[in-house]
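Shown next: entry.cif, containing mmCIF, C-alpha atoms and all ligand atoms.
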data_my_file
#
loop_
_atom_site.label_atom_id
_atom_site.label_comp_id
_atom_site.auth_asym_id
_atom_site.auth_seq_id
_atom_site.Cartn_x
_atom_site.Cartn_y
_atom_site.Cartn_z
CA MET A 1 0.52 -24.33 -13.54
CA SER A 2 2.88 -22.19 -15.57
CA THR A 3 3.36 -18.74 -14.13
CA PRO A 4 3.15 -15.95 -16.65
CA VAL A 5 5.38 -13.03 -15.83
CA ASN A 6 3.76 -9.64 -15.92
CA THR A 7 6.44 -7.07 -16.22
CA PHE A 8 6.03 -3.36 -16.67
CA ALA A 9 9.38 -1.69 -16.33
CA GLY A 10 10.02 0.66 -13.46
CA TYR A 11 7.94 1.81 -10.52
CA PRO A 12 5.19 4.40 -10.22
CA ARG A 13 5.43 7.62 -8.25
CA GLY A 14 3.23 8.27 -5.27
CA TRP A 15 2.32 7.21 -1.75
CA PHE A 16 2.39 3.51 -0.90
CA LEU A 17 1.80 1.46 2.21
CA ALA A 18 5.03 0.46 3.96
CA CYS A 19 2.97 -1.37 6.59
CA PHE A 20 0.01 -1.04 8.90
CA SER A 21 0.89 1.00 12.00
CA SER A 22 0.23 -2.14 14.03
CA GLU A 23 3.11 -3.91 12.21
CA LEU A 24 5.64 -1.46 13.60
CA GLY A 25 5.59 -1.58 17.40
CA PRO A 26 7.39 0.77 19.81
CA SER A 27 11.12 0.97 18.91
CA GLU A 28 10.63 -1.83 16.39
CA VAL A 29 12.93 -2.21 13.39
CA LYS A 30 11.57 -3.90 10.26
CA PRO A 31 13.31 -4.86 7.01
CA LEU A 32 11.30 -4.07 3.86
CA ARG A 33 11.86 -4.74 0.20
CA TYR A 34 9.96 -2.35 -2.04
CA PHE A 35 10.58 -0.87 -5.49
CA GLY A 36 13.41 -3.36 -6.00
CA GLN A 37 15.30 -1.94 -3.04
CA ASP A 38 16.18 -3.00 0.47
CA LEU A 39 14.78 -0.63 3.07
CA VAL A 40 14.49 -0.42 6.82
CA ALA A 41 11.51 0.96 8.71
CA TYR A 42 11.76 1.84 12.37
CA ARG A 43 9.64 3.51 14.99
CA ASP A 44 11.68 5.88 17.12
CA GLU A 45 11.37 6.37 20.87
CA ALA A 46 8.95 9.28 20.36
CA GLY A 47 6.73 6.95 18.29
CA VAL A 48 7.57 8.47 14.90
CA ALA A 49 7.96 6.07 11.95
CA HIS A 50 10.93 6.40 9.56
CA VAL A 51 12.10 4.58 6.44
CA LEU A 52 15.73 4.61 5.29
CA ASP A 53 17.68 2.71 2.65
CA ALA A 54 18.73 -0.50 4.34
CA HIS A 55 22.45 -0.81 3.76
CA CYS A 56 24.97 0.99 5.88
CA PRO A 57 27.38 3.25 3.92
CA HIS A 58 30.23 1.83 6.04
CA LEU A 59 30.62 -1.86 5.21
CA GLY A 60 27.10 -2.50 4.02
CA ALA A 61 25.26 -4.19 6.89
CA HIS A 62 21.45 -4.26 6.64
CA LEU A 63 20.05 -2.03 9.39
CA GLY A 64 16.82 -4.02 9.36
CA TYR A 65 18.52 -7.09 10.83
CA GLY A 66 19.74 -6.24 14.29
CA GLY A 67 19.64 -2.42 14.02
CA LYS A 68 18.68 -0.75 17.31
CA VAL A 69 16.56 2.34 17.90
CA GLU A 70 18.06 5.07 20.07
CA GLY A 71 16.02 8.23 20.51
CA ALA A 72 15.16 9.33 16.96
CA CYS A 73 18.11 7.37 15.55
CA ILE A 74 18.98 3.83 14.46
CA ARG A 75 22.31 2.18 15.24
CA CYS A 76 23.93 -0.25 12.80
CA PRO A 77 24.36 -3.80 14.17
CA PHE A 78 27.84 -4.24 12.61
CA HIS A 79 30.16 -1.45 13.92
CA ALA A 80 27.54 0.61 15.75
CA TRP A 81 27.52 3.73 13.57
CA ARG A 82 24.39 5.71 14.42
CA PHE A 83 22.10 7.42 11.87
CA ASP A 84 19.51 10.07 12.58
CA ALA A 85 16.02 10.27 11.07
CA HIS A 86 17.46 12.11 8.03
CA GLY A 87 19.86 9.22 7.47
CA VAL A 88 22.88 11.25 8.57
CA CYS A 89 25.49 9.49 10.71
CA ASP A 90 25.82 11.41 13.97
CA GLU A 91 28.03 9.09 15.98
CA ILE A 92 30.79 6.56 15.42
CA PRO A 93 31.80 5.03 18.76
CA TYR A 94 35.51 4.72 17.86
CA ALA A 95 36.05 7.88 15.75
CA SER A 96 35.69 11.56 16.56
CA LYS A 97 35.47 12.68 12.92
CA ILE A 98 32.47 11.52 10.88
CA PRO A 99 33.20 11.05 7.16
CA ARG A 100 31.16 13.23 4.79
CA GLY A 101 29.68 10.30 2.94
CA ALA A 102 28.33 8.69 6.10
CA LYS A 103 24.66 9.03 5.20
CA ILE A 104 21.82 6.96 3.87
CA ARG A 105 18.78 8.09 1.96
CA ALA A 106 15.74 8.87 4.11
CA TRP A 107 12.35 8.35 2.45
CA ALA A 108 9.39 10.68 2.83
CA VAL A 109 7.05 9.02 5.32
CA ARG A 110 3.58 9.79 6.69
CA GLU A 111 1.64 7.89 9.29
CA ILE A 112 -2.05 8.48 8.90
CA ASN A 113 -5.27 6.43 9.21
CA GLY A 114 -3.42 3.61 10.98
CA VAL A 115 -0.92 3.02 8.16
CA VAL A 116 2.69 3.97 7.51
CA LEU A 117 3.08 5.40 4.00
CA LEU A 118 6.25 5.96 2.07
CA HIS A 119 6.64 8.11 -1.01
CA HIS A 120 8.37 6.74 -4.07
CA ASP A 121 9.63 8.91 -6.90
CA ALA A 122 12.52 7.69 -9.03
CA THR A 123 13.69 11.26 -9.60
CA GLY A 124 13.62 12.11 -5.89
CA ALA A 125 10.88 14.73 -6.37
CA ALA A 126 8.74 15.76 -3.40
CA PRO A 127 5.19 14.41 -3.07
CA ALA A 128 2.70 16.14 -5.37
CA TYR A 129 -0.38 15.10 -3.35
CA GLU A 130 -1.28 13.84 0.12
CA ILE A 131 -3.40 10.96 1.41
CA PRO A 132 -6.49 12.39 3.13
CA VAL A 133 -7.40 11.74 6.75
CA ILE A 134 -10.36 9.38 7.29
CA PRO A 135 -12.33 11.49 9.78
CA GLU A 136 -14.07 8.50 11.40
CA TYR A 137 -10.91 6.41 11.86
CA GLY A 138 -9.74 6.16 15.45
CA THR A 139 -12.98 7.55 16.90
CA GLU A 140 -15.17 5.83 19.50
CA GLN A 141 -17.77 4.79 16.93
CA TRP A 142 -15.42 2.85 14.67
CA LEU A 143 -13.42 -0.33 15.24
CA PRO A 144 -9.68 -0.41 14.44
CA TRP A 145 -8.54 -2.05 11.16
CA VAL A 146 -8.89 -5.76 10.87
CA THR A 147 -6.07 -6.64 8.50
CA ALA A 148 -4.82 -9.19 6.01
CA ILE A 149 -1.56 -9.16 4.03
CA TYR A 150 -0.94 -11.01 0.77
CA ARG A 151 2.19 -11.33 -1.35
CA ILE A 152 0.94 -11.67 -4.90
CA LYS A 153 2.73 -12.49 -8.12
CA THR A 154 1.11 -9.87 -10.27
CA HIS A 155 1.41 -6.25 -11.32
CA PRO A 156 -0.67 -3.40 -9.85
CA ARG A 157 -2.07 -2.83 -13.34
CA GLU A 158 -4.24 -5.92 -12.80
CA ILE A 159 -5.56 -4.62 -9.51
CA VAL A 160 -6.18 -1.16 -10.92
CA ASP A 161 -8.07 -2.70 -13.89
CA ASN A 162 -10.46 -4.23 -11.36
CA LEU A 163 -11.82 -0.84 -10.31
CA GLY A 164 -13.17 -0.24 -13.80
CA ASP A 165 -13.98 -3.85 -14.62
CA ARG A 166 -17.73 -3.81 -14.22
CA ALA A 167 -18.26 -7.18 -15.91
CA HIS A 168 -16.22 -9.24 -13.41
CA PHE A 169 -18.42 -8.48 -10.39
CA ALA A 170 -21.11 -11.02 -11.23
CA PRO A 171 -18.94 -14.01 -12.19
CA VAL A 172 -16.12 -13.47 -9.65
CA HIS A 173 -17.85 -11.74 -6.74
CA ARG A 174 -21.50 -12.84 -7.11
CA THR A 175 -22.41 -9.17 -7.03
CA GLU A 176 -25.00 -7.52 -9.27
CA ILE A 177 -24.14 -3.97 -10.17
CA VAL A 178 -27.23 -1.78 -10.48
CA ASP A 179 -25.52 1.55 -11.04
CA PHE A 180 -21.88 2.23 -11.89
CA GLN A 181 -20.28 5.66 -12.26
CA PHE A 182 -16.68 6.49 -12.82
CA GLU A 183 -14.69 9.67 -12.69
CA ILE A 184 -11.05 10.72 -12.99
CA ASP A 185 -9.78 13.71 -11.10
CA GLY A 186 -6.01 14.25 -11.37
CA HIS A 187 -4.29 11.72 -9.12
CA ARG A 188 -7.67 10.28 -8.07
CA ALA A 189 -9.88 7.74 -9.82
CA VAL A 190 -13.33 7.30 -8.32
CA GLN A 191 -15.90 4.55 -8.80
CA ARG A 192 -19.43 4.86 -7.43
CA ALA A 193 -21.44 1.67 -7.38
CA VAL A 194 -24.84 0.52 -6.20
CA GLY A 195 -25.45 -3.20 -6.12
CA LYS A 196 -26.50 -6.41 -4.44
CA ALA A 197 -23.88 -8.76 -3.07
CA HIS A 198 -24.81 -12.42 -2.66
CA LEU A 199 -23.07 -13.49 0.54
CA PRO A 200 -21.23 -16.83 0.71
CA GLY A 201 -23.30 -17.88 3.74
CA GLY A 202 -26.59 -16.96 1.99
CA GLY A 203 -28.45 -13.66 2.08
CA VAL A 204 -28.11 -10.47 0.08
CA ASP A 205 -26.41 -7.22 1.06
CA ASN A 206 -27.76 -4.15 -0.74
CA PHE A 207 -24.91 -1.69 -0.80
CA SER A 208 -23.73 1.59 -2.21
CA SER A 209 -20.04 2.36 -2.31
CA THR A 210 -17.58 5.04 -3.29
CA THR A 211 -14.14 3.69 -4.06
CA THR A 212 -11.24 6.05 -4.63
CA TYR A 213 -7.69 5.46 -5.71
CA HIS A 214 -5.57 8.22 -4.19
CA GLY A 215 -2.59 7.81 -6.51
CA PRO A 216 -1.42 4.45 -7.85
CA GLY A 217 -1.18 2.38 -4.65
CA TYR A 218 -3.78 3.44 -2.07
CA LEU A 219 -7.44 2.63 -2.48
CA LEU A 220 -10.18 3.44 -0.02
CA MET A 221 -13.75 2.19 -0.35
CA LYS A 222 -16.51 3.74 1.73
CA MET A 223 -19.42 1.36 1.86
CA ASP A 224 -22.96 1.68 3.13
CA GLY A 225 -24.70 -1.65 3.38
CA ALA A 226 -25.75 -3.98 6.15
CA LEU A 227 -22.76 -2.49 7.95
CA LYS A 228 -21.10 0.87 7.35
CA ASN A 229 -17.45 0.36 6.73
CA TYR A 230 -14.27 1.45 5.05
CA MET A 231 -12.09 -0.97 3.17
CA LEU A 232 -8.48 -0.02 2.50
CA ILE A 233 -6.30 -1.68 -0.10
CA GLY A 234 -2.65 -0.75 -0.33
CA HIS A 235 -0.44 -2.43 -2.90
CA THR A 236 3.28 -1.85 -3.02
CA LEU A 237 5.62 -3.46 -5.54
CA ASN A 238 8.43 -5.59 -4.12
CA ASP A 239 9.92 -5.82 -7.59
CA GLU A 240 8.48 -5.50 -11.07
CA SER A 241 6.42 -8.68 -10.85
CA THR A 242 5.52 -9.15 -7.16
CA LEU A 243 3.65 -6.96 -4.71
CA ASP A 244 2.46 -6.86 -1.12
CA LEU A 245 -1.24 -6.18 -0.84
CA ARG A 246 -2.57 -5.00 2.48
CA LEU A 247 -6.28 -5.22 3.11
CA GLY A 248 -7.94 -3.47 6.03
CA VAL A 249 -11.55 -3.12 7.14
CA THR A 250 -12.97 -0.82 9.77
CA LEU A 251 -16.63 -1.13 10.78
CA LYS A 252 -18.91 1.44 12.33
CA ILE A 253 -20.16 0.25 15.69
CA VAL A 254 -23.90 -0.44 15.65
CA GLY A 255 -25.54 -1.04 19.00
CA ASP A 256 -22.84 -2.10 21.38
CA ARG A 257 -19.19 -2.56 20.56
CA ALA A 258 -18.96 -6.24 21.42
CA ARG A 259 -21.79 -7.06 19.03
CA THR A 260 -20.08 -5.25 16.14
CA GLU A 261 -16.79 -6.92 17.03
CA GLY A 262 -18.67 -10.20 16.72
CA TYR A 263 -19.54 -9.38 13.08
CA VAL A 264 -16.13 -8.27 12.00
CA GLY A 265 -14.57 -11.75 11.76
CA GLN A 266 -17.25 -13.01 9.37
CA TYR A 267 -17.21 -9.76 7.44
CA MET A 268 -13.47 -10.00 6.91
CA ALA A 269 -13.73 -13.70 6.03
CA ASN A 270 -16.23 -12.80 3.25
CA LEU A 271 -14.01 -10.02 1.98
CA LYS A 272 -10.92 -12.21 1.98
CA ALA A 273 -12.78 -14.93 0.10
CA GLY A 274 -13.74 -12.34 -2.54
CA PHE A 275 -10.18 -11.16 -2.74
CA GLU A 276 -8.73 -14.60 -3.00
CA ASP A 277 -11.00 -15.19 -6.01
CA ASP A 278 -9.41 -12.14 -7.66
CA ILE A 279 -5.89 -13.28 -6.69
CA LYS A 280 -6.35 -16.69 -8.35
CA ILE A 281 -7.18 -14.91 -11.58
CA TRP A 282 -4.40 -12.30 -11.32
CA GLU A 283 -1.66 -14.83 -10.63
CA ALA A 284 -2.50 -16.99 -13.63
CA LYS A 285 -3.51 -14.42 -16.25
CA VAL A 286 -1.55 -12.43 -18.79
CA PHE A 287 -1.87 -8.68 -19.15
CA ARG A 288 -3.44 -7.80 -22.48
CA GLU A 289 -2.05 -4.49 -23.64
CA ARG A 290 -4.73 -4.43 -26.33
CA PRO A 291 -7.68 -6.38 -24.96
CA VAL A 292 -10.68 -7.14 -27.14
CA LEU A 293 -13.41 -5.13 -25.42
CA CYS A 294 -17.14 -4.96 -26.01
CA GLU A 295 -20.23 -3.05 -24.91
CA GLY A 296 -21.04 -3.07 -21.20
CA GLU A 297 -17.43 -2.94 -19.99
CA GLY A 298 -16.43 -0.40 -17.42
CA PRO A 299 -13.85 2.29 -18.23
CA ILE A 300 -10.85 -0.03 -18.44
CA SER A 301 -8.95 1.99 -21.06
CA GLU A 302 -9.54 5.25 -19.22
CA LEU A 303 -8.24 3.76 -15.99
CA ARG A 304 -5.12 2.49 -17.74
CA ARG A 305 -4.38 5.94 -19.10
CA TRP A 306 -4.90 7.34 -15.60
CA TYR A 307 -2.45 4.80 -14.11
CA ARG A 308 0.20 5.55 -16.73
CA GLN A 309 0.60 9.14 -15.46
CA PHE A 310 2.42 7.79 -12.38
CA TYR A 311 5.15 6.34 -14.59
CA GLU A 312 5.77 9.47 -16.62
CA GLY A 313 9.25 10.85 -16.03
CA GLN A 314 10.31 7.76 -14.04
CA THR A 315 13.30 5.73 -15.22
CA SER A 316 12.29 2.83 -17.42
CA SER A 317 14.98 0.54 -16.02
CA GLY A 318 13.33 0.49 -12.63
CA ALA A 319 16.58 1.68 -11.12
CA VAL A 320 15.89 4.43 -8.68
CA GLN A 321 18.28 7.29 -8.77
CA GLN A 322 20.12 7.67 -5.49
CA VAL A 323 19.19 10.91 -3.83
CA GLU A 324 21.43 12.15 -1.07
CA ALA A 325 19.71 12.77 2.21
CA THR A 326 19.54 16.39 3.21
CA PRO A 327 20.38 16.95 6.84
S1 LIG A 401 28.50 -1.68 8.42
FE1 LIG A 401 27.32 -0.35 9.57
S2 LIG A 401 28.66 0.40 11.07
FE2 LIG A 401 29.90 -0.87 9.85
FE FE A 402 -12.45 -7.95 -8.03
#

Would you mind giving the structure from this file in structure tokens?
Amino acid sequence: MSTPVNTFAGYPRGWFLACFSSELGPSEVKPLRYFGQDLVAYRDEAGVAHVLDAHCPHLGAHLGYGGKVEGACIRCPFHAWRFDAHGVCDEIPYASKIPRGAKIRAWAVREINGVVLLHHDATGAAPAYEIPVIPEYGTEQWLPWVTAIYRIKTHPREIVDNLGDRAHFAPVHRTEIVDFQFEIDGHRAVQRAVGKAHLPGGGVDNFSSTTTYHGPGYLLMKMDGALKNYMLIGHTLNDESTLDLRLGVTLKIVGDRARTEGYVGQYMANLKAGFEDDIKIWEAKVFRERPVLCEGEGPISELRRWYRQFYEGQTSSGAVQQVEATP
């Protein structure tokens, strides 16, 4: 199969998943590649997650391969320079004077709802919005995220289109949509749907859902159906044509915990099957800038205009301006 390349120059601004919290254990160091850049995530000894540019200002080693956590800092594996959480070098084992340029960019990070988020803005501007807390997450009545991670050769524009693409639910997801509402509110895009999902193993799930994009890379669906649940989708560009998509589901416990835990495997398997049907289409399709649309479509054009706002004022080359860390 030939692989069409979907490029859209540059990277959007906003909050994106760096990883699930569970992917970054105590004092763990993890290399990442997002927005065309090499990064390092680490969890410090107090449990706080940080993301820095990956390459040491000294001779360029990647801190994500062999870097060691010390207190709130990370130590380079090559000559053991140590950098604090702001990316500022605070110790060189063989020198008493630290050069002025001995710093790396520190990214804005939040850890909330069981995910580590990093903020991307090519101009270095501060976040203009925040990701809201899921009040139920982490409480006794809800299970922790069950997760899946995909690397997909596509552009987020395809995934964002899906939210407004009412007509694909029946052929791709065997889901009848009974009611479909859509609303844009600044950095949020909200879809409200009522429908019937035909389950792969037989049976029908009557559901109602509210699905919200909070900025360009974080989607949360609250669903009431056979089971109450939240589904989280985070997609973060590796480069201009590949992304990591993280899928998480948390179920409300009904009856006893073990019984709900028994459902979650099948529930996730159904969701993943639905997703994989979308992925097959995304990876092989082309992006139509000017699609031929007809009656009965969802608000595809509106959603595209909404998504474009996150590229305004960003560099078109995709090169992210280097912003010096502030101590
Ligand atoms: S390359 Fe990092 S300390 Fe030398
Ligand atoms: Fe879909």

What box, with edges along x, y and z, holds each listed atom of stretch 92-108 of chain A when 3 Å is added on every side, and can you state its centre and edge lengths in Å to one decimal, as AutoDock Vina command-line options?
--center_x 22.7 --center_y 9.0 --center_z 10.4 --size_x 32.7 --size_y 14.5 --size_z 22.8

Cut-off 8 Å, only C-alpha atoms and all ligand atoms, neighbours of ligand LIG 401 (chain A) as a PDB file with C-alpha atoms, in the coordinates of the input:
ATOM      1  CA  HIS A  55      22.450  -0.810   3.760  1.00  0.00           C
ATOM      2  CA  CYS A  56      24.970   0.990   5.880  1.00  0.00           C
ATOM      3  CA  PRO A  57      27.380   3.250   3.920  1.00  0.00           C
ATOM      4  CA  HIS A  58      30.230   1.830   6.040  1.00  0.00           C
ATOM      5  CA  LEU A  59      30.620  -1.860   5.210  1.00  0.00           C
ATOM      6  CA  GLY A  60      27.100  -2.500   4.020  1.00  0.00           C
ATOM      7  CA  ALA A  61      25.260  -4.190   6.890  1.00  0.00           C
ATOM      8  CA  HIS A  62      21.450  -4.260   6.640  1.00  0.00           C
ATOM      9  CA  LEU A  63      20.050  -2.030   9.390  1.00  0.00           C
ATOM     10  CA  ARG A  75      22.310   2.180  15.240  1.00  0.00           C
ATOM     11  CA  CYS A  76      23.930  -0.250  12.800  1.00  0.00           C
ATOM     12  CA  PRO A  77      24.360  -3.800  14.170  1.00  0.00           C
ATOM     13  CA  PHE A  78      27.840  -4.240  12.610  1.00  0.00           C
ATOM     14  CA  HIS A  79      30.160  -1.450  13.920  1.00  0.00           C
ATOM     15  CA  ALA A  80      27.540   0.610  15.750  1.00  0.00           C
ATOM     16  CA  TRP A  81      27.520   3.730  13.570  1.00  0.00           C
ATOM     17  CA  ARG A  82      24.390   5.710  14.420  1.00  0.00           C
ATOM     18  CA  ILE A  92      30.790   6.560  15.420  1.00  0.00           C
TER      19      ILE A  92
END

Closest-contact table, chain A side, partner ligand FE 402 (chain A), 10 Å, counting only C-alpha atoms and all ligand atoms, as a Markdown table:
| residue | atom | partner | partner_atom | distance |
| --- | --- | --- | --- | --- |
| A:Glu158 | CA | A:FE402 | FE | 9.7 |
| A:Ile159 | CA | A:FE402 | FE | 7.8 |
| A:Val160 | CA | A:FE402 | FE | 9.7 |
| A:Asp161 | CA | A:FE402 | FE | 9.0 |
| A:Asn162 | CA | A:FE402 | FE | 5.4 |
| A:Leu163 | CA | A:FE402 | FE | 7.5 |
| A:Gly164 | CA | A:FE402 | FE | 9.7 |
| A:Asp165 | CA | A:FE402 | FE | 7.9 |
| A:Arg166 | CA | A:FE402 | FE | 9.1 |
| A:Ala167 | CA | A:FE402 | FE | 9.8 |
| A:His168 | CA | A:FE402 | FE | 6.7 |
| A:Phe169 | CA | A:FE402 | FE | 6.4 |
| A:Ala170 | CA | A:FE402 | FE | 9.7 |
| A:Pro171 | CA | A:FE402 | FE | 9.8 |
| A:Val172 | CA | A:FE402 | FE | 6.8 |
| A:His173 | CA | A:FE402 | FE | 6.7 |
| A:Gly274 | CA | A:FE402 | FE | 7.1 |
| A:Phe275 | CA | A:FE402 | FE | 6.6 |
| A:Glu276 | CA | A:FE402 | FE | 9.1 |
| A:Asp277 | CA | A:FE402 | FE | 7.7 |
| A:Asp278 | CA | A:FE402 | FE | 5.2 |
| A:Ile279 | CA | A:FE402 | FE | 8.6 |
| A:Ile281 | CA | A:FE402 | FE | 9.4 |
| A:Trp282 | CA | A:FE402 | FE | 9.7 |

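Between A:Glu23 and the candidates A:Arg157, A:Lys272, A:Lys285, A:Arg246, the tightest atom-to-atom separation, counting all atoms listed in the file, involves A:Arg246.
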
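Shortest separation to A:Ala122 among A:Gly225, A:Gly36, A:Gly138, A:Gly217 occurs at residue A:Gly36, atoms counted being all atoms listed in the file.
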
Can you complete the atoms of stretch 51-64 of chain A to N, CA and C atoms and list them as a CSV table (one decimal), in the coordinates of the input?
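Output below, filename out-v8.csv:
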chain,number,residue,atom,x,y,z
A,51,VAL,N,11.6,5.6,7.4
A,51,VAL,CA,12.1,4.6,6.4
A,51,VAL,C,13.4,5.1,5.8
A,52,LEU,N,14.4,4.3,5.9
A,52,LEU,CA,15.7,4.6,5.3
A,52,LEU,C,16.1,3.5,4.3
A,53,ASP,N,17.0,3.8,3.4
A,53,ASP,CA,17.7,2.7,2.6
A,53,ASP,C,18.3,1.8,3.7
A,54,ALA,N,18.4,0.5,3.3
A,54,ALA,CA,18.7,-0.5,4.3
A,54,ALA,C,20.2,-0.6,4.6
A,55,HIS,N,21.0,-0.4,3.6
A,55,HIS,CA,22.4,-0.8,3.8
A,55,HIS,C,23.3,0.3,4.2
A,56,CYS,N,24.1,0.0,5.2
A,56,CYS,CA,25.0,1.0,5.9
A,56,CYS,C,26.1,1.4,4.9
A,57,PRO,N,26.3,2.8,4.8
A,57,PRO,CA,27.4,3.2,3.9
A,57,PRO,C,28.8,2.8,4.3
A,58,HIS,N,28.9,2.3,5.6
A,58,HIS,CA,30.2,1.8,6.0
A,58,HIS,C,30.6,0.5,5.3
A,59,LEU,N,30.3,-0.6,5.9
A,59,LEU,CA,30.6,-1.9,5.2
A,59,LEU,C,29.4,-2.6,4.7
A,60,GLY,N,28.2,-1.9,4.7
A,60,GLY,CA,27.1,-2.5,4.0
A,60,GLY,C,26.1,-3.4,4.8
A,61,ALA,N,26.2,-3.4,6.1
A,61,ALA,CA,25.3,-4.2,6.9
A,61,ALA,C,23.8,-3.7,6.6
A,62,HIS,N,22.9,-4.6,6.8
A,62,HIS,CA,21.4,-4.3,6.6
A,62,HIS,C,20.9,-3.8,8.0
A,63,LEU,N,20.5,-2.6,8.1
A,63,LEU,CA,20.0,-2.0,9.4
A,63,LEU,C,18.8,-2.7,9.9
A,64,GLY,N,18.1,-3.4,9.0
A,64,GLY,CA,16.8,-4.0,9.4
A,64,GLY,C,17.0,-5.3,10.1
